[in-house]
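Novice: Just dropping this structure here.
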Amino acid sequence: MKILVTGGSGFIGSNFIEYFANHYTDIEIINIDILTYAANKSNNDIAAEILGKKYTFEEADICDFPEINSVFAFYKPDYVVHFAAESSVDKSLLGDSESQFIVTNVEGTLNIFKAARSNNVKRTLYISTDEVYGDILKGSATEDSLLNPRNLYAASKLAGEHIAKSYFHTYNMDIVITRSSNNYGKYQHAEKFIPASIQNLLLDKPITLYGDGSQKRQWIHVVDNCRGIAEVLFNGKKAKSII
């Protein structure tokens, strides 16, 4: 069984590969990552040590369709888990970074689905985010809740969901989507809230709060999220419709 992971040297992707290496046998993992500032190839050292020749790293850009399609064609993966994305909300608010979010999260995602279709991938799992729901003033969101992104990052991830939905309906592809809350854990970049807060506390600096400090956020440990992603990948039912 071959699993192709995009963005597998980033925070959640590298934890996912490590989780698979430790919990599944008879698998081969192909990791595609362009190694931006938020990625670290060394994050995959543990998985590479466990899997040996069953782990392959390909430095490739999901925004380059011929390059990505050639990787798909060569390895012929059975499953694809698409993590690769620009994910910093703060950076999505900077004028000089806005276009990159659209290029990576929208055009790059389109390329992944094109390649998956062209190479007969059994199932493609798109990693989205709970940010597509926007602000939840009461209770928690469900799959039926209104989708109301409030920043460019969330909007670009929702655009990726709509690409997934279009391929599901047009080509009857087996596609599933997950929308987790904020992750924390090993390998997380120092720019994220929890690592940044810990670093500030160690340096006796104040923690940065958004707004008036009354906002609430939900968190899930990255390994728990990876366990859920694996369950959806193998046992999640093919949707009759994607919301």
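Please note that chains go A, B, ... in the order of the structure tokens, that every chain numbers its residues from 1, and that ligands are numbered from 1 in the order shown.
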Would you list the contacts of A:Val232 as a ChimeraX atom specification, taking every protein, DNA or RNA residue within 10 Å and counting only C-alpha atoms, but skipping same-chain residues closer than 3 positions in sequence?
Specialist: /A:125,176-178,226-229,235-238
Novice: Skip A:Ala159 itself and residues of its chain fewer than 6 positions away, then list as a PyMOL selection string all residues within 12 Å of it, counting only C-alpha atoms.
Specialist: chain A and resi 101-110+126+128-129+132+147-149+152-153+165-166
Novice: Tell me which protein, DNA and RNA residues are within 8 Å of A:Ile220, counting only C-alpha atoms, leaving out same-chain ones fewer than 6 positions away, and put them as a PDB file with C-alpha atoms, in the first residue's frame.
Specialist:
ATOM      1  CA  SER A 180      -9.684  19.897  12.754  1.00  0.00           C
ATOM      2  CA  SER A 181      -9.348  22.601  15.362  1.00  0.00           C
ATOM      3  CA  ASN A 182      -5.982  24.117  16.303  1.00  0.00           C
ATOM      4  CA  ASN A 183      -3.237  21.516  16.677  1.00  0.00           C
ATOM      5  CA  TYR A 184      -0.345  21.582  19.128  1.00  0.00           C
TER       6      TYR A 184
END
Novice: Quick one: everything within 9 Å of A:Asn15, counting only C-alpha atoms, minus sequence neighbours fewer than 4 positions away in the same chain. Send it as JSON, numbers by chain.
Specialist: {"A": [8, 9, 10, 11, 19, 20, 43, 44, 185, 186, 187, 222, 223, 226]}
Novice: Selection from above, C-alpha atoms, as a PDB file, in the first residue's frame, can you write it?
Specialist:
ATOM      1  CA  GLY A   8       4.919  15.831   4.963  1.00  0.00           C
ATOM      2  CA  SER A   9       7.856  17.806   6.388  1.00  0.00           C
ATOM      3  CA  GLY A  10       5.608  20.376   8.021  1.00  0.00           C
ATOM      4  CA  PHE A  11       4.103  20.237  11.495  1.00  0.00           C
ATOM      5  CA  TYR A  19       2.397   8.066  13.367  1.00  0.00           C
ATOM      6  CA  PHE A  20       1.960   5.802  10.337  1.00  0.00           C
ATOM      7  CA  ASN A  43      11.353  16.046  11.120  1.00  0.00           C
ATOM      8  CA  ASN A  44      10.964  12.826   9.136  1.00  0.00           C
ATOM      9  CA  GLY A 185       2.576  19.258  19.751  1.00  0.00           C
ATOM     10  CA  LYS A 186       5.997  18.168  18.534  1.00  0.00           C
ATOM     11  CA  TYR A 187       7.553  19.878  15.499  1.00  0.00           C
ATOM     12  CA  VAL A 222      -1.453  16.625  16.790  1.00  0.00           C
ATOM     13  CA  VAL A 223      -1.156  12.870  17.439  1.00  0.00           C
ATOM     14  CA  CYS A 226      -3.303  12.068  13.082  1.00  0.00           C
TER      15      CYS A 226
END
Novice: For A:Arg217, which of A:Lys157, A:Phe193, A:Gly13, A:Ala21 is the closest residue, counting only C-alpha atoms?
Specialist: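 Nearest to A:Arg217: A:Phe193.
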Novice: Which neighbours of stretch 35-42 of chain A fall inside 10 Å, counting only C-alpha atoms, when residues of the same chain fewer than 4 positions from it are skipped, and could you give them as a list in words?
Specialist: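 So, after excluding close chain neighbours, the residues are Gly7, Gly8, Ser9, Gly10, Phe11, Gly13, Ser14, Asn31, Ile46, Ala47, Ala48, Phe57, Glu59, Ala60, Asp61, Glu86, Ser87, Ser88, Tyr187, Gln188, His189, Ala190 and Glu191 of chain A.
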Novice: With only C-alpha atoms as the basis for distance, which of A:Leu51, A:Leu233, A:Ala154, A:Ile112 is at the shortest distance from A:Asp135?
Specialist: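 So, comparing all the options, the nearest one is A:Ala154.
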Novice: Any idea what's packed within 12 Å of A:Phe74, counting only C-alpha atoms, ignoring anything in its chain fewer than 6 positions away? Could you give it as a PyMOL selection string?
Specialist: chain A and resi 2+4+30+58+67-68+115+119
Novice: To test your reading of the structure, identify every residue in stretch 62-196 of chain A that backbone DSSP assigns to helix (DSSP H, G or I), and report it as a count of residues only.
Specialist: 64
Novice: For A:Arg117, list every protein, DNA or RNA residue within 10 Å, evaluated using only C-alpha atoms, and leave out those in the same chain fewer than 6 positions away; present the list as a VMD selection string.
Specialist: chain A and resid 111 123 to 124 167 171 to 174
Novice: Restricting the calculation to only C-alpha atoms, which member of A:Glu18, A:Ile127, A:Ile3, A:Lys114 is positioned closest to A:Tyr79?
Specialist: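 With only C-alpha atoms as the atom set, the closest residue is A:Ile3.
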Novice: Would you work out the distance separating atom CA of A:Gly134 from atom CA of A:Ala155, expressed in Å to one decimal?
Specialist: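 Spanning atom CA of A:Gly134 to atom CA of A:Ala155 is a straight-line distance of 9.6 Å.
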Novice: Between atom CA of A:Val71 and atom CA of A:Ile32, what distance in Å does the model show, to one decimal?
Specialist: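 Pair atom CA of A:Val71 / atom CA of A:Ile32 returns 8.7 Å.
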Novice: DSSP on the backbone, then: every residue of stretch 51-135 of chain A marked strand (DSSP E or B), written as a VMD selection string.
Specialist: chain A and resid 55 to 59 79 to 82 123 to 129
Novice: For each of A:Lys138, A:His82, A:Lys76, A:Lys53, take the minimum atom-to-atom distance to A:Phe16, counting only C-alpha atoms, then give the residue where this is smallest.
Specialist: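 The shortest atom-to-atom distance to A:Phe16 comes from A:His82.
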Novice: For a test of reading the model, state the distance in Å between atom CA of A:Asp78 and atom CA of A:Ile34, rounded to one decimal.
Specialist: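 A separation of 21.7 Å between them.
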Novice: For A:Ala73, which residue out of A:Ser97, A:Thr56, A:Asn120, A:Gln215 is the nearest one, using only C-alpha atoms?
Specialist: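 Selected residue with least distance to A:Ala73: A:Asn120.
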